[in-house]
$ cat upload19.txt   # compact mmCIF, C-alpha atoms
# COMPACT_ATOMS: atom_id res chain seq x y z
CA MET A 1 17.61 22.67 40.18
CA SER A 2 13.86 22.35 40.20
CA THR A 3 11.35 19.81 39.00
CA SER A 4 7.59 19.99 38.66
CA SER A 5 4.59 18.41 37.02
CA SER A 6 2.82 21.32 35.35
CA PRO A 7 -0.52 21.59 33.50
CA SER A 8 0.73 24.24 31.10
CA SER A 9 3.87 25.47 29.40
CA ARG A 10 5.25 28.91 28.77
CA THR A 11 3.68 30.61 25.79
CA ALA A 12 3.87 33.95 24.07
CA PRO A 13 1.59 36.73 25.37
CA GLY A 14 -1.92 36.40 23.99
CA SER A 15 -1.47 32.81 22.81
CA THR A 16 -3.44 29.83 24.05
CA PRO A 17 -1.32 27.72 26.42
CA VAL A 18 -0.91 24.00 25.95
CA ASP A 19 -2.99 22.10 28.50
CA VAL A 20 -0.88 19.07 29.43
CA PHE A 21 -3.78 17.46 31.29
CA GLU A 22 -5.87 17.63 28.13
CA LEU A 23 -3.22 16.68 25.58
CA GLY A 24 -1.65 14.10 27.87
CA SER A 25 -4.85 12.59 29.23
CA GLU A 26 -3.54 9.09 28.44
CA HIS A 27 -0.20 9.74 30.14
CA GLU A 28 0.73 8.64 33.64
CA GLN A 29 3.21 11.42 34.37
CA VAL A 30 4.77 14.51 32.79
CA VAL A 31 7.71 16.12 34.55
CA PHE A 32 9.30 19.50 33.82
CA CYS A 33 12.95 19.87 34.85
CA THR A 34 15.07 23.03 35.00
CA ASP A 35 18.60 23.85 36.12
CA GLU A 36 19.46 27.50 35.66
CA ALA A 37 23.21 27.07 36.13
CA THR A 38 23.59 24.69 33.18
CA GLY A 39 20.71 26.00 31.09
CA LEU A 40 18.85 22.68 31.32
CA ARG A 41 15.19 22.75 30.37
CA ALA A 42 13.81 19.26 29.93
CA ILE A 43 10.48 17.48 29.83
CA VAL A 44 10.04 13.79 30.64
CA ALA A 45 6.77 12.13 29.61
CA ILE A 46 5.79 8.67 30.84
CA HIS A 47 2.90 7.38 28.78
CA SER A 48 2.43 3.88 30.19
CA THR A 49 4.13 1.41 32.51
CA ALA A 50 1.52 -1.31 32.01
CA LEU A 51 4.10 -3.68 30.50
CA GLY A 52 7.13 -2.49 32.46
CA PRO A 53 9.30 0.58 33.08
CA ALA A 54 9.03 3.24 30.40
CA LEU A 55 11.98 3.29 28.00
CA GLY A 56 12.58 5.98 25.41
CA GLY A 57 15.33 8.24 24.15
CA THR A 58 16.24 11.80 25.05
CA ARG A 59 15.80 14.24 22.17
CA PHE A 60 17.96 17.40 22.32
CA TYR A 61 16.41 19.86 19.90
CA PRO A 62 15.95 23.63 19.43
CA TYR A 63 12.15 23.72 19.53
CA ALA A 64 10.52 26.91 18.34
CA SER A 65 8.46 27.03 21.54
CA THR A 66 7.87 25.11 24.74
CA ASP A 67 4.43 24.21 23.40
CA ASP A 68 6.08 22.45 20.44
CA ALA A 69 8.32 20.52 22.83
CA VAL A 70 5.36 19.46 24.96
CA ARG A 71 3.41 18.20 21.96
CA ASP A 72 6.45 16.34 20.66
CA VAL A 73 7.30 14.59 23.91
CA LEU A 74 3.68 13.53 24.45
CA ASP A 75 3.39 12.13 20.92
CA LEU A 76 6.76 10.40 21.05
CA SER A 77 6.19 8.80 24.44
CA ARG A 78 2.84 7.39 23.34
CA GLY A 79 4.53 5.98 20.26
CA MET A 80 7.13 4.27 22.45
CA THR A 81 4.39 2.41 24.35
CA TYR A 82 3.05 0.97 21.11
CA LYS A 83 6.54 0.28 19.76
CA ALA A 84 7.57 -1.72 22.83
CA ALA A 85 4.27 -3.60 22.88
CA VAL A 86 4.44 -4.69 19.22
CA ALA A 87 8.12 -5.59 19.61
CA GLY A 88 7.17 -8.01 22.39
CA LEU A 89 9.22 -6.21 25.05
CA ASP A 90 8.32 -6.03 28.73
CA LEU A 91 8.66 -2.27 28.67
CA GLY A 92 6.39 0.73 28.70
CA GLY A 93 6.61 3.96 26.78
CA GLY A 94 8.35 7.18 27.72
CA LYS A 95 10.35 9.96 26.14
CA ALA A 96 12.31 13.04 27.13
CA VAL A 97 13.20 16.25 25.34
CA ILE A 98 15.85 18.79 26.21
CA LEU A 99 15.05 22.22 24.78
CA GLY A 100 17.90 24.00 23.01
CA ASP A 101 20.57 23.68 20.38
CA PRO A 102 22.87 20.80 21.35
CA ALA A 103 25.70 22.36 19.32
CA THR A 104 25.86 25.31 21.72
CA LEU A 105 24.10 24.20 24.92
CA LYS A 106 25.19 20.59 25.48
CA THR A 107 27.79 20.20 28.24
CA GLU A 108 28.84 17.48 30.66
CA ALA A 109 27.32 19.49 33.51
CA LEU A 110 23.96 19.83 31.75
CA LEU A 111 23.82 16.12 30.92
CA ARG A 112 24.70 15.18 34.50
CA ALA A 113 22.05 17.57 35.84
CA TYR A 114 19.56 15.88 33.52
CA GLY A 115 20.72 12.49 34.81
CA ARG A 116 19.85 13.49 38.38
CA PHE A 117 16.29 14.27 37.33
CA VAL A 118 15.93 10.91 35.59
CA GLN A 119 17.33 9.25 38.72
CA SER A 120 14.67 10.98 40.82
CA LEU A 121 11.99 9.04 38.93
CA GLY A 122 13.22 5.85 40.56
CA GLY A 123 13.40 3.72 37.43
CA ARG A 124 9.91 4.47 36.12
CA TYR A 125 11.65 6.05 33.12
CA ARG A 126 14.83 4.72 31.49
CA THR A 127 16.54 6.87 28.93
CA ALA A 128 18.64 6.35 25.80
CA CYS A 129 19.86 8.29 22.74
CA ASP A 130 17.69 10.14 20.25
CA ILE A 131 18.09 13.08 17.88
CA GLY A 132 20.81 15.35 19.28
CA THR A 133 22.17 12.84 21.81
CA PHE A 134 24.73 10.08 21.39
CA SER A 135 26.22 7.18 23.33
CA PRO A 136 29.01 9.30 24.93
CA ASP A 137 26.27 11.65 26.18
CA MET A 138 24.55 8.71 27.86
CA ASP A 139 27.84 7.93 29.61
CA HIS A 140 27.68 11.41 31.18
CA VAL A 141 24.02 10.94 32.16
CA ALA A 142 24.87 7.57 33.71
CA ARG A 143 27.39 9.17 36.08
CA GLU A 144 24.36 10.52 37.96
CA CYS A 145 21.73 7.93 37.04
CA ASP A 146 21.23 4.16 37.22
CA PHE A 147 18.55 4.07 34.53
CA VAL A 148 20.44 4.69 31.29
CA THR A 149 20.74 2.55 28.16
CA GLY A 150 22.47 3.20 24.83
CA ARG A 151 25.86 3.72 26.48
CA THR A 152 29.17 3.27 24.69
CA VAL A 153 30.57 -0.22 24.27
CA ALA A 154 33.51 0.79 26.48
CA HIS A 155 31.03 1.31 29.33
CA GLY A 156 29.16 -1.94 28.75
CA GLY A 157 26.46 -0.49 26.53
CA ALA A 158 25.01 -1.31 23.14
CA GLY A 159 26.64 1.63 21.40
CA ASP A 160 25.00 3.17 18.35
CA SER A 161 21.37 1.97 18.25
CA SER A 162 20.97 3.23 14.67
CA VAL A 163 22.60 -0.03 13.51
CA LEU A 164 19.65 -2.23 14.44
CA THR A 165 17.12 0.54 13.76
CA ALA A 166 18.18 0.46 10.11
CA TYR A 167 18.29 -3.34 10.12
CA GLY A 168 14.70 -3.51 11.40
CA VAL A 169 13.49 -1.00 8.80
CA PHE A 170 15.09 -3.13 6.12
CA GLN A 171 13.29 -6.23 7.46
CA GLY A 172 9.97 -4.36 7.47
CA MET A 173 10.61 -3.18 3.92
CA ARG A 174 11.25 -6.78 2.86
CA ALA A 175 7.89 -7.83 4.34
CA ALA A 176 6.12 -4.98 2.52
CA ALA A 177 7.83 -5.93 -0.75
CA GLU A 178 6.69 -9.51 -0.30
CA SER A 179 3.13 -8.32 0.28
CA VAL A 180 3.12 -6.10 -2.81
CA TRP A 181 5.31 -7.97 -5.30
CA GLY A 182 5.44 -11.52 -3.95
CA SER A 183 9.17 -11.43 -3.16
CA ALA A 184 11.00 -10.17 -0.07
CA SER A 185 13.92 -8.96 -2.19
CA LEU A 186 14.43 -5.29 -3.07
CA ALA A 187 16.73 -6.18 -5.97
CA GLY A 188 15.94 -4.04 -8.99
CA ARG A 189 13.56 -1.82 -7.04
CA THR A 190 14.10 1.93 -6.82
CA VAL A 191 14.12 3.06 -3.19
CA GLY A 192 14.15 6.73 -2.23
CA VAL A 193 15.66 7.49 1.19
CA ALA A 194 14.91 10.92 2.63
CA GLY A 195 17.41 11.57 5.40
CA VAL A 196 20.75 9.77 5.43
CA GLY A 197 21.98 10.50 8.92
CA LYS A 198 22.84 7.66 11.27
CA VAL A 199 19.89 5.38 10.44
CA GLY A 200 19.44 6.34 6.80
CA HIS A 201 23.13 5.75 6.09
CA HIS A 202 22.98 2.20 7.46
CA LEU A 203 19.71 1.55 5.60
CA VAL A 204 21.31 2.54 2.30
CA GLY A 205 24.01 -0.08 2.94
CA HIS A 206 21.41 -2.84 3.39
CA LEU A 207 19.56 -1.77 0.25
CA VAL A 208 22.67 -1.61 -1.90
CA GLU A 209 23.74 -5.04 -0.66
CA ASP A 210 20.31 -6.39 -1.62
CA GLY A 211 20.62 -5.01 -5.15
CA ALA A 212 18.26 -2.03 -4.92
CA ASP A 213 18.66 1.16 -6.97
CA VAL A 214 18.94 3.84 -4.26
CA VAL A 215 18.22 7.57 -4.50
CA VAL A 216 18.91 9.81 -1.49
CA THR A 217 18.46 13.33 -0.22
CA ASP A 218 19.26 15.20 2.99
CA VAL A 219 19.28 18.82 4.09
CA HIS A 220 22.79 18.20 5.46
CA GLY A 221 25.11 18.06 2.47
CA PRO A 222 27.99 16.20 4.18
CA ALA A 223 25.63 13.33 5.04
CA VAL A 224 24.84 12.87 1.35
CA ASP A 225 28.53 13.17 0.45
CA ALA A 226 29.39 10.41 2.93
CA VAL A 227 26.83 8.04 1.41
CA LEU A 228 27.95 8.74 -2.16
CA ALA A 229 31.59 8.20 -1.22
CA GLU A 230 30.79 4.82 0.34
CA HIS A 231 28.31 3.73 -2.34
CA PRO A 232 29.25 5.21 -5.75
CA GLY A 233 26.18 3.70 -7.42
CA VAL A 234 23.77 5.67 -5.25
CA ARG A 235 22.19 8.78 -6.79
CA ALA A 236 21.31 12.01 -5.00
CA VAL A 237 18.63 14.64 -5.62
CA ALA A 238 18.47 18.16 -4.27
CA SER A 239 15.40 17.95 -2.06
CA THR A 240 12.73 15.74 -0.53
CA GLU A 241 10.23 17.28 -2.95
CA ALA A 242 12.36 16.16 -5.89
CA LEU A 243 12.72 12.69 -4.38
CA VAL A 244 8.97 12.29 -3.83
CA ALA A 245 8.21 13.48 -7.36
CA GLY A 246 10.62 10.99 -8.93
CA ALA A 247 9.97 7.44 -10.12
CA LEU A 248 10.12 5.26 -7.00
CA ASP A 249 9.02 1.81 -5.95
CA VAL A 250 9.60 2.45 -2.24
CA TYR A 251 9.73 5.71 -0.29
CA ALA A 252 11.69 5.63 2.99
CA PRO A 253 11.25 8.74 5.19
CA CYS A 254 14.18 8.67 7.62
CA ALA A 255 14.30 12.26 8.89
CA MET A 256 11.79 14.14 11.06
CA GLY A 257 8.13 13.22 11.47
CA GLY A 258 5.10 14.38 9.52
CA ALA A 259 6.63 13.37 6.18
CA ILE A 260 3.50 11.74 4.76
CA THR A 261 1.02 14.48 3.94
CA ASP A 262 -1.96 14.35 1.61
CA GLU A 263 0.10 16.18 -0.98
CA VAL A 264 2.89 13.62 -0.74
CA VAL A 265 0.42 10.76 -1.16
CA ASP A 266 -1.02 12.41 -4.27
CA THR A 267 2.47 12.87 -5.73
CA LEU A 268 4.08 9.52 -4.89
CA SER A 269 4.58 6.90 -7.56
CA ALA A 270 5.91 4.48 -4.92
CA LYS A 271 3.82 1.46 -3.95
CA ILE A 272 5.39 1.19 -0.49
CA VAL A 273 6.14 3.68 2.28
CA CYS A 274 8.56 2.24 4.83
CA GLY A 275 11.07 4.36 6.72
CA ALA A 276 12.76 5.02 10.04
CA ALA A 277 11.21 8.38 10.96
CA ASN A 278 8.78 8.51 13.87
CA HIS A 279 5.23 9.79 13.39
CA GLN A 280 5.40 9.79 9.61
CA LEU A 281 1.66 10.36 9.09
CA ALA A 282 1.06 14.10 9.20
CA HIS A 283 -2.51 13.83 10.52
CA PRO A 284 -5.27 11.28 11.16
CA GLY A 285 -6.77 10.14 7.90
CA VAL A 286 -3.52 9.99 5.91
CA GLU A 287 -3.44 6.23 6.50
CA LYS A 288 -6.77 5.89 4.66
CA HIS A 289 -5.53 8.17 1.89
CA LEU A 290 -2.55 5.83 1.43
CA MET A 291 -4.89 2.83 1.22
CA ASP A 292 -7.13 4.54 -1.32
CA ALA A 293 -4.04 5.37 -3.41
CA GLY A 294 -2.95 1.73 -3.39
CA ILE A 295 0.16 2.44 -1.33
CA THR A 296 1.21 -0.07 1.33
CA TYR A 297 2.33 1.64 4.54
CA ALA A 298 4.62 -0.27 6.91
CA PRO A 299 3.83 1.41 10.28
CA ASP A 300 6.82 3.41 11.46
CA TYR A 301 6.84 2.31 15.08
CA VAL A 302 6.78 -1.33 13.99
CA VAL A 303 9.66 -1.23 11.52
CA ASN A 304 11.90 1.20 13.44
CA ALA A 305 11.80 -0.80 16.70
CA GLY A 306 15.25 -2.31 16.13
CA GLY A 307 16.97 0.48 18.04
CA LEU A 308 14.66 0.01 21.01
CA ILE A 309 15.31 -3.73 20.91
CA GLN A 310 19.06 -3.04 20.83
CA VAL A 311 19.16 -0.74 23.87
CA ALA A 312 16.60 -2.84 25.76
CA ASP A 313 19.02 -5.77 25.56
CA GLU A 314 21.34 -3.81 27.86
CA LEU A 315 18.81 -4.46 30.62
CA ASP A 316 19.36 -8.22 30.35
CA PRO A 317 21.05 -9.43 33.57
CA ARG A 318 23.50 -11.43 31.45
CA GLY A 319 24.83 -8.26 29.86
CA PHE A 320 24.40 -6.88 26.36
CA SER A 321 24.65 -9.22 23.36
CA PHE A 322 24.51 -7.70 19.89
CA GLU A 323 23.85 -11.13 18.36
CA ARG A 324 20.87 -11.71 20.65
CA ALA A 325 19.49 -8.23 19.94
CA GLN A 326 19.92 -8.68 16.19
CA GLN A 327 18.13 -12.00 16.30
CA ARG A 328 15.22 -10.36 18.06
CA ALA A 329 15.21 -7.46 15.60
CA SER A 330 14.99 -10.01 12.78
CA GLY A 331 11.49 -10.69 14.10
CA ILE A 332 10.37 -7.33 12.68
CA LEU A 333 10.04 -9.15 9.34
CA GLU A 334 7.43 -11.55 10.71
CA THR A 335 5.69 -8.87 12.79
CA THR A 336 5.27 -6.68 9.70
CA ARG A 337 3.98 -9.67 7.73
CA ARG A 338 1.40 -10.29 10.47
CA ILE A 339 0.25 -6.68 10.46
CA LEU A 340 -0.06 -6.49 6.68
CA ALA A 341 -1.98 -9.78 6.63
CA LEU A 342 -4.40 -8.48 9.27
CA SER A 343 -4.77 -5.29 7.25
CA ASP A 344 -5.74 -7.30 4.16
CA ASP A 345 -8.05 -9.68 6.02
CA GLU A 346 -9.93 -6.97 7.92
CA ARG A 347 -9.72 -4.35 5.16
CA ILE A 348 -8.22 -1.86 7.59
CA SER A 349 -5.09 0.22 7.23
CA PRO A 350 -1.79 -1.26 8.44
CA ALA A 351 -1.61 1.59 10.97
CA VAL A 352 -4.92 0.51 12.53
CA ALA A 353 -3.88 -3.15 12.40
CA ALA A 354 -0.63 -2.38 14.25
CA ASP A 355 -2.49 -0.38 16.91
CA ARG A 356 -4.89 -3.27 17.47
CA ILE A 357 -2.07 -5.74 18.00
CA ALA A 358 -0.27 -3.38 20.39
CA GLU A 359 -3.40 -2.56 22.39
CA GLU A 360 -4.35 -6.21 22.74
CA ARG A 361 -0.94 -7.06 24.20
CA ILE A 362 -1.07 -4.08 26.56
CA ARG A 363 -4.50 -5.19 27.80
CA SER A 364 -3.82 -8.91 28.09
CA VAL A 365 -0.30 -8.83 29.52
CA GLY A 366 -0.76 -5.61 31.47
CA ARG A 367 -3.73 -7.18 33.23
CA LEU A 368 -1.38 -9.67 34.88
CA ARG A 369 0.10 -6.84 36.94
CA SER A 370 -3.14 -6.87 38.94
CA ILE A 371 -2.49 -10.44 40.10
CA TRP A 372 -0.93 -10.38 43.54
CA VAL A 373 2.08 -12.72 43.82
CA GLY A 374 3.32 -11.75 47.27
$ encode --input "upload19.txt" --output "structure tokens"
Amino acid sequence: MSTSSSPSSRTAPGSTPVDVFELGSEHEQVVFCTDEATGLRAIVAIHSTALGPALGGTRFYPYASTDDAVRDVLDLSRGMTYKAAVAGLDLGGGKAVILGDPATLKTEALLRAYGRFVQSLGGRYRTACDIGTFSPDMDHVARECDFVTGRTVAHGGAGDSSVLTAYGVFQGMRAAAESVWGSASLAGRTVGVAGVGKVGHHLVGHLVEDGADVVVTDVHGPAVDAVLAEHPGVRAVASTEALVAGALDVYAPCAMGGAITDEVVDTLSAKIVCGAANHQLAHPGVEKHLMDAGITYAPDYVVNAGGLIQVADELDPRGFSFERAQQRASGILETTRRILALSDDERISPAVAADRIAEERIRSVGRLRSIWVG
């Protein structure tokens, strides 16, 4: 095994290497971890510990290049700082990625090797599930590491964090609906959900229960089949492009990031964008494009914080309580209301309003760490 903090990643001959010091200038620490015997190649990024230890999931994904993995882990860890701050948690932001296809590379040995690297950080970073990792995987990691959340219920953990992630997105969507139409109900509204994996599937359930007309799509056919079998009234379309081009009131991106491009904004008939995916805005400036188009954007890291709230509750010395975590996740409704009100009052985008609220809490509460208490 080896571990290092490196200013560049491996790149193809003749290409420009990623400069971690430049791209991660806001970050406190970036650690590269390798274990040849198990095939582990991982990157852990700690963006900020101003509010507490950095908490963020481990993404296991077949990145096209190490550069792509570096960019992703830096972006995701920064997002976790803002997510924890807006959610009112005493936690900082971090993230980890394991490079490779989990279907072929994931083993108990690899996960335990990864756990030893997380342990070596001494609690500065605490991990959980993300794309490609699940609660049983966290049980393996925890056999070598004390700083693991999102474990199975059988091992005292919160289990599947997608439950409260979807619940929080639904609460944020209700706040956006109230802002746009004067009612927090989605009844009679057409909601398009792109991506019906763990989170999207649960979100569809909330929407159907509320009386919404739901249209779904997913690149994974069995995921769509599962939703249609459970909710016969839900409709499916062949692609995200078809979903975006259809008549919608709300668009909910729940797959990978970068879903909201300029082209999508120009095509959308929806008046609200509110989904579970991280980093939905494809580039800076899309948030203004949404405003100019009269589309209300519920910031992704605000509305999808329910999963973070769920796994963070495992850190409570009293032990995990789903009821307590759900009650806290219910607060996403009021937080989203506050952000949309600030957006209207200041004539700024909801994305900028959310950042302001997060940064103010990081400054004001983080400052207290400088007060010596003995």
$ residues_around --input "upload19.txt" --residues "Val118 of chain A" --least-positions-apart "6" --cutoff "10 Å" --atoms "all atoms listed in the file" --output "list in words"
Val31, Cys33, Val44, Ala96, Arg112, Arg124, Tyr125, Arg126, Thr127, Val141, Ala142, Glu144, Cys145, Asp146, Phe147 and Val148 of chain A
$ closest_residue --input "upload19.txt" --among "A:Asp137, A:Asp300, A:Glu346, A:Glu314" --to "Gly258 of chain A" --atoms "all atoms listed in the file"
A:Asp300
$ atom_distance --input "upload19.txt" --atom1 "atom CA of Val191 of chain A" --atom2 "atom CA of Glu287 of chain A"
20.3 Å
$ closest_residue --input "upload19.txt" --among "A:Val70, A:Ala154, A:Ala175, A:Ala50" --to "Arg363 of chain A" --atoms "all atoms listed in the file"
A:Ala50
$ atom_distance --input "upload19.txt" --atom1 "atom CA of Asp139 of chain A" --atom2 "atom CA of Lys198 of chain A"
19.0 Å
$ residues_around --input "upload19.txt" --residues "Ile348 of chain A" --least-positions-apart "2" --cutoff "12 Å" --atoms "only C-alpha atoms" --output "list of chain:residue names"
A:Glu287, A:Lys288, A:His289, A:Leu290, A:Met291, A:Asp292, A:Thr296, A:Tyr297, A:Ile339, A:Leu340, A:Ala341, A:Leu342, A:Ser343, A:Asp344, A:Asp345, A:Glu346, A:Pro350, A:Ala351, A:Val352, A:Ala353, A:Ala354, A:Asp355, A:Arg356
$ closest_atom_pairs --input "upload19.txt" --of "segment 149-169 of chain A" --to "segment 270-279 of chain A" --cutoff "10 Å" --atoms "all atoms listed in the file" --output "JSON lines"
{"residue": "A:Ser162", "atom": "CA", "partner": "A:Ala276", "partner_atom": "CA", "distance": 9.6}
{"residue": "A:Thr165", "atom": "CA", "partner": "A:Ala276", "partner_atom": "CA", "distance": 7.3}
{"residue": "A:Ala166", "atom": "CA", "partner": "A:Ala276", "partner_atom": "CA", "distance": 7.1}
{"residue": "A:Gly168", "atom": "CA", "partner": "A:Ala276", "partner_atom": "CA", "distance": 8.9}
{"residue": "A:Val169", "atom": "CA", "partner": "A:Ala276", "partner_atom": "CA", "distance": 6.2}
$ atom_distance --input "upload19.txt" --atom1 "atom CA of Ala212 of chain A" --atom2 "atom CA of Ala187 of chain A"
4.5 Å
$ closest_residue --input "upload19.txt" --among "A:Asp225, A:Glu360, A:Asp218, A:Asp67" --to "Ala238 of chain A" --atoms "all atoms listed in the file"
A:Asp218
$ closest_residue --input "upload19.txt" --among "A:Asp249, A:Asp90, A:Glu323, A:Glu36" --to "Arg369 of chain A" --atoms "all atoms listed in the file"
A:Asp90
$ closest_residue --input "upload19.txt" --among "A:Tyr301, A:Trp181, A:Trp372, A:Phe322" --to "Gly93 of chain A" --atoms "only C-alpha atoms"
A:Tyr301
$ residues_around --input "upload19.txt" --residues "Val216 of chain A" --least-positions-apart "6" --cutoff "7 Å" --atoms "only C-alpha atoms" --output "ChimeraX atom specification"
/A:192-194,235-237
$ decode --input "upload19.txt" --residues "segment 254-279 of chain A" --atoms "C-alpha atoms" --output "mmCIF file, in the first residue's frame"
data_model
loop_
_atom_site.group_PDB
_atom_site.id
_atom_site.type_symbol
_atom_site.label_atom_id
_atom_site.label_comp_id
_atom_site.auth_asym_id
_atom_site.auth_seq_id
_atom_site.Cartn_x
_atom_site.Cartn_y
_atom_site.Cartn_z
ATOM 1 C CA CYS A 254 -31.661 12.541 -10.418
ATOM 2 C CA ALA A 255 -28.771 10.940 -12.308
ATOM 3 C CA MET A 256 -25.242 12.271 -12.920
ATOM 4 C CA GLY A 257 -24.232 15.923 -12.765
ATOM 5 C CA GLY A 258 -24.120 18.536 -15.502
ATOM 6 C CA ALA A 259 -27.748 17.934 -16.487
ATOM 7 C CA ILE A 260 -28.713 21.601 -16.815
ATOM 8 C CA THR A 261 -27.036 22.975 -19.923
ATOM 9 C CA ASP A 262 -27.937 26.068 -21.914
ATOM 10 C CA GLU A 263 -29.618 23.820 -24.464
ATOM 11 C CA VAL A 264 -31.733 22.172 -21.780
ATOM 12 C CA VAL A 265 -32.804 25.562 -20.420
ATOM 13 C CA ASP A 266 -33.842 26.677 -23.911
ATOM 14 C CA THR A 267 -35.863 23.487 -24.405
ATOM 15 C CA LEU A 268 -37.560 23.135 -21.012
ATOM 16 C CA SER A 269 -41.213 23.989 -20.582
ATOM 17 C CA ALA A 270 -40.923 23.322 -16.833
ATOM 18 C CA LYS A 271 -41.134 26.242 -14.414
ATOM 19 C CA ILE A 272 -39.117 24.443 -11.722
ATOM 20 C CA VAL A 273 -35.866 22.471 -11.713
ATOM 21 C CA CYS A 274 -35.473 20.450 -8.522
ATOM 22 C CA GLY A 275 -33.682 17.110 -8.405
ATOM 23 C CA ALA A 276 -31.309 14.891 -6.476
ATOM 24 C CA ALA A 277 -28.263 14.955 -8.768
ATOM 25 C CA ASN A 278 -25.149 16.761 -7.582
ATOM 26 C CA HIS A 279 -23.662 19.612 -9.616
#
